[in-house]
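As stored in input03.cif (mmCIF, N, CA and C atoms):
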data_target
#
loop_
_atom_site.group_PDB
_atom_site.id
_atom_site.type_symbol
_atom_site.label_atom_id
_atom_site.label_comp_id
_atom_site.auth_asym_id
_atom_site.auth_seq_id
_atom_site.Cartn_x
_atom_site.Cartn_y
_atom_site.Cartn_z
ATOM 1 N N MET A 226 -0.392 -12.406 -5.695
ATOM 2 C CA MET A 226 -1.386 -11.386 -5.507
ATOM 3 C C MET A 226 -0.985 -10.155 -6.334
ATOM 4 N N ILE A 227 -1.985 -9.515 -6.937
ATOM 5 C CA ILE A 227 -1.762 -8.309 -7.728
ATOM 6 C C ILE A 227 -2.081 -7.095 -6.861
ATOM 7 N N VAL A 228 -1.126 -6.170 -6.800
ATOM 8 C CA VAL A 228 -1.275 -4.951 -6.014
ATOM 9 C C VAL A 228 -1.209 -3.755 -6.954
ATOM 10 N N ARG A 229 -2.162 -2.855 -6.817
ATOM 11 C CA ARG A 229 -2.165 -1.621 -7.607
ATOM 12 C C ARG A 229 -1.802 -0.453 -6.700
ATOM 13 N N ILE A 230 -0.900 0.387 -7.173
ATOM 14 C CA ILE A 230 -0.642 1.673 -6.539
ATOM 15 C C ILE A 230 -1.354 2.694 -7.414
ATOM 16 N N MET A 231 -2.300 3.382 -6.830
ATOM 17 C CA MET A 231 -3.114 4.319 -7.602
ATOM 18 C C MET A 231 -2.226 5.334 -8.326
ATOM 19 N N GLY A 232 -2.481 5.491 -9.611
ATOM 20 C CA GLY A 232 -1.744 6.444 -10.407
ATOM 21 C C GLY A 232 -0.399 5.956 -10.916
ATOM 22 N N GLU A 233 0.000 4.720 -10.544
ATOM 23 C CA GLU A 233 1.320 4.218 -10.956
ATOM 24 C C GLU A 233 1.249 2.949 -11.774
ATOM 25 N N GLY A 234 0.566 1.947 -11.294
ATOM 26 C CA GLY A 234 0.532 0.677 -11.994
ATOM 27 C C GLY A 234 0.321 -0.484 -11.034
ATOM 28 N N GLN A 235 0.621 -1.684 -11.555
ATOM 29 C CA GLN A 235 0.379 -2.911 -10.804
ATOM 30 C C GLN A 235 1.670 -3.703 -10.635
ATOM 31 N N TRP A 236 1.743 -4.432 -9.512
ATOM 32 C CA TRP A 236 2.861 -5.307 -9.208
ATOM 33 C C TRP A 236 2.315 -6.656 -8.774
ATOM 34 N N LYS A 237 3.038 -7.710 -9.147
ATOM 35 C CA LYS A 237 2.685 -9.059 -8.699
ATOM 36 C C LYS A 237 3.616 -9.408 -7.543
ATOM 37 N N LEU A 238 3.023 -9.778 -6.406
ATOM 38 C CA LEU A 238 3.797 -10.125 -5.219
ATOM 39 C C LEU A 238 3.432 -11.527 -4.755
ATOM 40 N N ALA A 239 4.453 -12.235 -4.308
ATOM 41 C CA ALA A 239 4.230 -13.550 -3.698
ATOM 42 C C ALA A 239 3.572 -13.340 -2.338
ATOM 43 N N ASP A 240 2.701 -14.246 -1.950
ATOM 44 C CA ASP A 240 2.023 -14.147 -0.655
ATOM 45 C C ASP A 240 3.007 -14.053 0.500
ATOM 46 N N SER A 241 4.169 -14.665 0.354
ATOM 47 C CA SER A 241 5.163 -14.652 1.432
ATOM 48 C C SER A 241 5.688 -13.247 1.719
ATOM 49 N N ARG A 242 5.508 -12.330 0.819
ATOM 50 C CA ARG A 242 5.994 -10.951 0.983
ATOM 51 C C ARG A 242 5.094 -10.112 1.890
ATOM 52 N N PHE A 243 3.927 -10.622 2.213
ATOM 53 C CA PHE A 243 2.976 -9.811 2.963
ATOM 54 C C PHE A 243 3.302 -9.666 4.439
ATOM 55 N N VAL A 244 4.222 -10.450 4.958
ATOM 56 C CA VAL A 244 4.631 -10.288 6.358
ATOM 57 C C VAL A 244 5.237 -8.899 6.546
ATOM 58 N N GLU A 245 6.176 -8.528 5.682
ATOM 59 C CA GLU A 245 6.807 -7.209 5.759
ATOM 60 C C GLU A 245 5.792 -6.096 5.517
ATOM 61 N N LEU A 246 4.923 -6.292 4.530
ATOM 62 C CA LEU A 246 3.937 -5.259 4.219
ATOM 63 C C LEU A 246 2.941 -5.074 5.357
ATOM 64 N N ASN A 247 2.566 -6.153 6.018
ATOM 65 C CA ASN A 247 1.628 -6.051 7.140
ATOM 66 C C ASN A 247 2.221 -5.251 8.300
ATOM 67 N N LYS A 248 3.514 -5.379 8.541
ATOM 68 C CA LYS A 248 4.164 -4.592 9.596
ATOM 69 C C LYS A 248 4.060 -3.103 9.286
ATOM 70 N N LEU A 249 4.323 -2.744 8.044
ATOM 71 C CA LEU A 249 4.221 -1.340 7.639
ATOM 72 C C LEU A 249 2.773 -0.860 7.706
ATOM 73 N N ASP A 250 1.840 -1.713 7.343
ATOM 74 C CA ASP A 250 0.421 -1.375 7.417
ATOM 75 C C ASP A 250 0.014 -1.097 8.866
ATOM 76 N N ASP A 251 0.492 -1.912 9.797
ATOM 77 C CA ASP A 251 0.190 -1.692 11.218
ATOM 78 C C ASP A 251 0.738 -0.347 11.694
ATOM 79 N N GLU A 252 1.965 -0.021 11.267
ATOM 80 C CA GLU A 252 2.563 1.271 11.626
ATOM 81 C C GLU A 252 1.739 2.422 11.047
ATOM 82 N N LEU A 253 1.315 2.266 9.800
ATOM 83 C CA LEU A 253 0.529 3.298 9.140
ATOM 84 C C LEU A 253 -0.788 3.537 9.878
ATOM 85 N N LEU A 254 -1.439 2.461 10.286
ATOM 86 C CA LEU A 254 -2.692 2.593 11.030
ATOM 87 C C LEU A 254 -2.481 3.326 12.348
ATOM 88 N N ALA A 255 -1.421 3.000 13.057
ATOM 89 C CA ALA A 255 -1.137 3.659 14.334
ATOM 90 C C ALA A 255 -0.892 5.154 14.124
ATOM 91 N N GLU A 256 -0.174 5.498 13.071
ATOM 92 C CA GLU A 256 0.099 6.905 12.794
ATOM 93 C C GLU A 256 -1.168 7.643 12.387
ATOM 94 N N MET A 257 -2.036 6.969 11.670
ATOM 95 C CA MET A 257 -3.301 7.583 11.301
ATOM 96 C C MET A 257 -4.160 7.828 12.534
ATOM 97 N N GLU A 258 -4.213 6.844 13.413
ATOM 98 C CA GLU A 258 -5.023 6.968 14.626
ATOM 99 C C GLU A 258 -4.525 8.093 15.518
ATOM 100 N N SER A 259 -3.216 8.296 15.543
ATOM 101 C CA SER A 259 -2.653 9.347 16.396
ATOM 102 C C SER A 259 -2.606 10.704 15.688
ATOM 103 N N GLY A 260 -2.914 10.720 14.369
ATOM 104 C CA GLY A 260 -2.877 11.964 13.610
ATOM 105 C C GLY A 260 -1.467 12.423 13.276
ATOM 106 N N ASP A 261 -0.509 11.506 13.285
ATOM 107 C CA ASP A 261 0.894 11.811 13.000
ATOM 108 C C ASP A 261 1.085 11.927 11.487
ATOM 109 N N GLU A 262 0.870 13.134 10.967
ATOM 110 C CA GLU A 262 0.940 13.369 9.518
ATOM 111 C C GLU A 262 2.315 13.040 8.947
ATOM 112 N N ALA A 263 3.386 13.480 9.614
ATOM 113 C CA ALA A 263 4.744 13.220 9.123
ATOM 114 C C ALA A 263 5.047 11.725 9.127
ATOM 115 N N GLY A 264 4.694 11.042 10.208
ATOM 116 C CA GLY A 264 4.902 9.600 10.289
ATOM 117 C C GLY A 264 4.083 8.859 9.258
ATOM 118 N N PHE A 265 2.860 9.314 9.050
ATOM 119 C CA PHE A 265 1.981 8.721 8.040
ATOM 120 C C PHE A 265 2.641 8.766 6.660
ATOM 121 N N HIS A 266 3.132 9.946 6.264
ATOM 122 C CA HIS A 266 3.741 10.070 4.934
ATOM 123 C C HIS A 266 5.025 9.254 4.829
ATOM 124 N N ARG A 267 5.802 9.204 5.885
ATOM 125 C CA ARG A 267 7.038 8.412 5.890
ATOM 126 C C ARG A 267 6.709 6.922 5.722
ATOM 127 N N THR A 268 5.737 6.431 6.481
ATOM 128 C CA THR A 268 5.398 5.007 6.429
ATOM 129 C C THR A 268 4.676 4.640 5.141
ATOM 130 N N LEU A 269 3.809 5.524 4.644
ATOM 131 C CA LEU A 269 3.167 5.256 3.351
ATOM 132 C C LEU A 269 4.229 5.129 2.270
ATOM 133 N N GLY A 270 5.220 6.010 2.273
ATOM 134 C CA GLY A 270 6.314 5.913 1.308
ATOM 135 C C GLY A 270 7.063 4.603 1.435
ATOM 136 N N ALA A 271 7.309 4.166 2.671
ATOM 137 C CA ALA A 271 8.012 2.901 2.897
ATOM 138 C C ALA A 271 7.174 1.717 2.399
ATOM 139 N N LEU A 272 5.861 1.773 2.617
ATOM 140 C CA LEU A 272 4.972 0.706 2.165
ATOM 141 C C LEU A 272 4.970 0.621 0.639
ATOM 142 N N LEU A 273 4.837 1.745 -0.014
ATOM 143 C CA LEU A 273 4.837 1.753 -1.481
ATOM 144 C C LEU A 273 6.190 1.327 -2.037
ATOM 145 N N ASP A 274 7.268 1.775 -1.402
ATOM 146 C CA ASP A 274 8.609 1.351 -1.834
ATOM 147 C C ASP A 274 8.779 -0.159 -1.685
ATOM 148 N N ALA A 275 8.230 -0.731 -0.613
ATOM 149 C CA ALA A 275 8.327 -2.176 -0.398
ATOM 150 C C ALA A 275 7.596 -2.934 -1.499
ATOM 151 N N VAL A 276 6.423 -2.451 -1.896
ATOM 152 C CA VAL A 276 5.685 -3.100 -2.988
ATOM 153 C C VAL A 276 6.520 -3.056 -4.263
ATOM 154 N N ARG A 277 7.089 -1.907 -4.548
ATOM 155 C CA ARG A 277 7.908 -1.773 -5.763
ATOM 156 C C ARG A 277 9.152 -2.661 -5.714
ATOM 157 N N ARG A 278 9.751 -2.752 -4.532
ATOM 158 C CA ARG A 278 10.994 -3.520 -4.364
ATOM 159 C C ARG A 278 10.738 -5.025 -4.365
ATOM 160 N N LEU A 279 9.668 -5.458 -3.707
ATOM 161 C CA LEU A 279 9.402 -6.888 -3.534
ATOM 162 C C LEU A 279 8.591 -7.501 -4.667
ATOM 163 N N GLY A 280 7.908 -6.649 -5.421
ATOM 164 C CA GLY A 280 7.039 -7.160 -6.482
ATOM 165 C C GLY A 280 7.662 -7.051 -7.853
ATOM 166 N N ASP A 281 7.017 -7.692 -8.778
ATOM 167 C CA ASP A 281 7.404 -7.618 -10.185
ATOM 168 C C ASP A 281 6.375 -6.752 -10.897
ATOM 169 N N PRO A 282 6.811 -5.654 -11.528
ATOM 170 C CA PRO A 282 5.846 -4.778 -12.203
ATOM 171 C C PRO A 282 5.185 -5.484 -13.381
ATOM 172 N N LEU A 283 3.905 -5.249 -13.532
ATOM 173 C CA LEU A 283 3.186 -5.756 -14.693
ATOM 174 C C LEU A 283 3.310 -4.725 -15.809
ATOM 175 N N PRO A 284 3.242 -5.170 -17.053
ATOM 176 C CA PRO A 284 3.307 -4.219 -18.167
ATOM 177 C C PRO A 284 2.172 -3.190 -18.062
ATOM 178 N N ASP A 285 2.422 -1.989 -18.555
ATOM 179 C CA ASP A 285 1.425 -0.925 -18.482
ATOM 180 C C ASP A 285 0.115 -1.294 -19.164
ATOM 181 N N ASP A 286 0.181 -2.141 -20.187
ATOM 182 C CA ASP A 286 -1.044 -2.501 -20.898
ATOM 183 C C ASP A 286 -1.771 -3.694 -20.270
ATOM 184 N N ALA A 287 -1.237 -4.250 -19.174
ATOM 185 C CA ALA A 287 -1.899 -5.362 -18.482
ATOM 186 C C ALA A 287 -3.071 -4.823 -17.681
ATOM 187 N N LEU A 288 -4.192 -5.503 -17.764
ATOM 188 C CA LEU A 288 -5.382 -5.101 -17.019
ATOM 189 C C LEU A 288 -5.841 -6.247 -16.127
ATOM 190 N N GLU A 289 -4.989 -6.611 -15.189
ATOM 191 C CA GLU A 289 -5.301 -7.679 -14.249
ATOM 192 C C GLU A 289 -6.155 -7.117 -13.110
ATOM 193 N N PRO A 290 -7.095 -7.913 -12.584
ATOM 194 C CA PRO A 290 -7.846 -7.435 -11.421
ATOM 195 C C PRO A 290 -6.910 -7.326 -10.217
ATOM 196 N N SER A 291 -6.936 -6.188 -9.560
ATOM 197 C CA SER A 291 -6.084 -5.958 -8.394
ATOM 198 C C SER A 291 -6.783 -6.470 -7.143
ATOM 199 N N GLU A 292 -6.051 -7.265 -6.379
ATOM 200 C CA GLU A 292 -6.599 -7.783 -5.124
ATOM 201 C C GLU A 292 -6.385 -6.802 -3.981
ATOM 202 N N LEU A 293 -5.494 -5.854 -4.197
ATOM 203 C CA LEU A 293 -5.191 -4.846 -3.190
ATOM 204 C C LEU A 293 -4.885 -3.542 -3.922
ATOM 205 N N ILE A 294 -5.510 -2.455 -3.466
ATOM 206 C CA ILE A 294 -5.276 -1.149 -4.058
ATOM 207 C C ILE A 294 -4.731 -0.231 -2.982
ATOM 208 N N LEU A 295 -3.553 0.339 -3.238
ATOM 209 C CA LEU A 295 -2.903 1.246 -2.298
ATOM 210 C C LEU A 295 -2.985 2.664 -2.828
ATOM 211 N N PRO A 296 -2.996 3.639 -1.921
ATOM 212 C CA PRO A 296 -3.084 5.032 -2.356
ATOM 213 C C PRO A 296 -1.801 5.495 -3.028
ATOM 214 N N SER A 297 -1.899 6.585 -3.754
ATOM 215 C CA SER A 297 -0.722 7.183 -4.376
ATOM 216 C C SER A 297 0.171 7.793 -3.302
ATOM 217 N N PRO A 298 1.437 8.017 -3.613
ATOM 218 C CA PRO A 298 2.367 8.559 -2.620
ATOM 219 C C PRO A 298 1.969 9.929 -2.093
ATOM 220 N N ASP A 299 1.220 10.682 -2.871
ATOM 221 C CA ASP A 299 0.837 12.028 -2.439
ATOM 222 C C ASP A 299 -0.540 12.088 -1.785
ATOM 223 N N ALA A 300 -1.122 10.929 -1.482
ATOM 224 C CA ALA A 300 -2.436 10.894 -0.828
ATOM 225 C C ALA A 300 -2.351 11.517 0.563
ATOM 226 N N SER A 301 -3.399 12.219 0.930
ATOM 227 C CA SER A 301 -3.438 12.822 2.267
ATOM 228 C C SER A 301 -3.887 11.795 3.289
ATOM 229 N N LEU A 302 -3.620 12.090 4.534
ATOM 230 C CA LEU A 302 -4.041 11.218 5.624
ATOM 231 C C LEU A 302 -5.557 11.035 5.572
ATOM 232 N N GLU A 303 -6.297 12.097 5.316
ATOM 233 C CA GLU A 303 -7.760 12.019 5.260
ATOM 234 C C GLU A 303 -8.241 11.158 4.100
ATOM 235 N N GLU A 304 -7.595 11.262 2.937
ATOM 236 C CA GLU A 304 -7.975 10.434 1.792
ATOM 237 C C GLU A 304 -7.778 8.957 2.103
ATOM 238 N N VAL A 305 -6.691 8.634 2.776
ATOM 239 C CA VAL A 305 -6.425 7.240 3.105
ATOM 240 C C VAL A 305 -7.393 6.751 4.175
ATOM 241 N N ARG A 306 -7.747 7.599 5.107
ATOM 242 C CA ARG A 306 -8.759 7.213 6.105
ATOM 243 C C ARG A 306 -10.041 6.751 5.422
ATOM 244 N N GLU A 307 -10.416 7.435 4.363
ATOM 245 C CA GLU A 307 -11.623 7.077 3.632
ATOM 246 C C GLU A 307 -11.498 5.724 2.933
ATOM 247 N N MET A 308 -10.285 5.342 2.560
ATOM 248 C CA MET A 308 -10.054 4.071 1.878
ATOM 249 C C MET A 308 -10.084 2.873 2.828
ATOM 250 N N LEU A 309 -9.803 3.129 4.092
ATOM 251 C CA LEU A 309 -9.582 2.042 5.047
ATOM 252 C C LEU A 309 -10.856 1.397 5.553
ATOM 253 N N SER A 310 -10.723 0.123 5.814
ATOM 254 C CA SER A 310 -11.708 -0.591 6.611
ATOM 255 C C SER A 310 -11.033 -0.843 7.960
ATOM 256 N N ASP A 311 -11.656 -1.552 8.833
ATOM 257 C CA ASP A 311 -11.067 -1.865 10.132
ATOM 258 C C ASP A 311 -9.808 -2.712 10.014
ATOM 259 N N ASP A 312 -9.611 -3.328 8.848
ATOM 260 C CA ASP A 312 -8.473 -4.232 8.672
ATOM 261 C C ASP A 312 -7.235 -3.554 8.134
ATOM 262 N N GLY A 313 -7.296 -2.278 7.833
ATOM 263 C CA GLY A 313 -6.142 -1.588 7.275
ATOM 264 C C GLY A 313 -6.119 -1.726 5.760
ATOM 265 N N LEU A 314 -5.043 -1.305 5.182
ATOM 266 C CA LEU A 314 -4.910 -1.357 3.731
ATOM 267 C C LEU A 314 -4.684 -2.775 3.229
ATOM 268 N N ILE A 315 -3.986 -3.562 4.025
ATOM 269 C CA ILE A 315 -3.627 -4.914 3.618
ATOM 270 C C ILE A 315 -4.493 -5.907 4.370
ATOM 271 N N PRO A 316 -5.341 -6.663 3.685
ATOM 272 C CA PRO A 316 -6.171 -7.643 4.373
ATOM 273 C C PRO A 316 -5.277 -8.682 5.047
ATOM 274 N N GLY A 317 -5.620 -9.023 6.241
ATOM 275 C CA GLY A 317 -4.692 -9.909 6.892
ATOM 276 C C GLY A 317 -5.257 -11.009 7.619
#

Spell out the structure here as structure tokens.
Amino acid sequence: MIVRIMGEGQWKLADSRFVELNKLDDELLAEMESGDEAGFHRTLGALLDAVRRLGDPLPDDALEPSELILPSPDASLEEVREMLSDDGLIPG
């Protein structure tokens, strides 16, 4: 699966890596629902770091269709709320 981090680039991740990412996504949703801004930023950073750590970066000139688009590290809680569906950032 190809994952894009807005403003950074794309990473290719094996489907088996989504178990860890889904846990972070669940935490992020809970923090958003409770309005925990500090927790939201901490967990968003952990989610983006996991994508970078677990995935293989694609070259900057690669234009692969992204199956998942994640917000940039500096996205606000409100901006991410607008991106979300009922399923969270990671379809599951």

- Answer key for the PyMOL selection byres ((chain A and resi 238-253) around 8), residues as a PyMOL selection string: chain A and resi 226-228+235-237+254-259+264-269+271-272+275-276+279-282+312-317

A straight line from atom CA of Leu302 of chain A to atom CA of Ala287 of chain A spans 29.3 Å

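If you look at atom CA of Leu283 of chain A and atom C of Arg306 of chain A, they are 27.1 Å away from each other.
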
Practice problem: Write out as a ChimeraX atom specification all residues of segment 226-316 of chain A that backbone DSSP assigns to strand (DSSP E or B). | Solution: /A:227-230,234-237,281-282,293-295,310,313

So how many Å separate atom C of Ala300 of chain A and atom CA of Asp285 of chain A, to one decimal?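 A separation of 23.1 Å between them.
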
So for segment 256-266 of chain A, what box centre and size do we get, axis-aligned, 3 Å extra on each of the six sides, every listed atom, Å to one decimal, as lines of an AutoDock Vina configuration file?
center_x = 0.0
center_y = 9.5
center_z = 10.6
size_x = 16.1
size_y = 14.0
size_z = 17.6

Output check: residues returned by the PyMOL selection byres ((chain A and resi 293) around 6), as an mmCIF file with N, CA and C atoms, in the frame of the given file:
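part_27.cif written:
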data_model
loop_
_atom_site.group_PDB
_atom_site.id
_atom_site.type_symbol
_atom_site.label_atom_id
_atom_site.label_comp_id
_atom_site.auth_asym_id
_atom_site.auth_seq_id
_atom_site.Cartn_x
_atom_site.Cartn_y
_atom_site.Cartn_z
ATOM 1 N N ILE A 227 -1.985 -9.515 -6.937
ATOM 2 C CA ILE A 227 -1.762 -8.309 -7.728
ATOM 3 C C ILE A 227 -2.081 -7.095 -6.861
ATOM 4 N N VAL A 228 -1.126 -6.170 -6.800
ATOM 5 C CA VAL A 228 -1.275 -4.951 -6.014
ATOM 6 C C VAL A 228 -1.209 -3.755 -6.954
ATOM 7 N N ARG A 229 -2.162 -2.855 -6.817
ATOM 8 C CA ARG A 229 -2.165 -1.621 -7.607
ATOM 9 C C ARG A 229 -1.802 -0.453 -6.700
ATOM 10 N N SER A 291 -6.936 -6.188 -9.560
ATOM 11 C CA SER A 291 -6.084 -5.958 -8.394
ATOM 12 C C SER A 291 -6.783 -6.470 -7.143
ATOM 13 N N GLU A 292 -6.051 -7.265 -6.379
ATOM 14 C CA GLU A 292 -6.599 -7.783 -5.124
ATOM 15 C C GLU A 292 -6.385 -6.802 -3.981
ATOM 16 N N ILE A 294 -5.510 -2.455 -3.466
ATOM 17 C CA ILE A 294 -5.276 -1.149 -4.058
ATOM 18 C C ILE A 294 -4.731 -0.231 -2.982
ATOM 19 N N LEU A 295 -3.553 0.339 -3.238
ATOM 20 C CA LEU A 295 -2.903 1.246 -2.298
ATOM 21 C C LEU A 295 -2.985 2.664 -2.828
#

*asked:* as a count of residues only, please: every residue in segment 250-313 of chain A that a backbone DSSP assignment puts in helix (DSSP H, G or I).
replied: 35
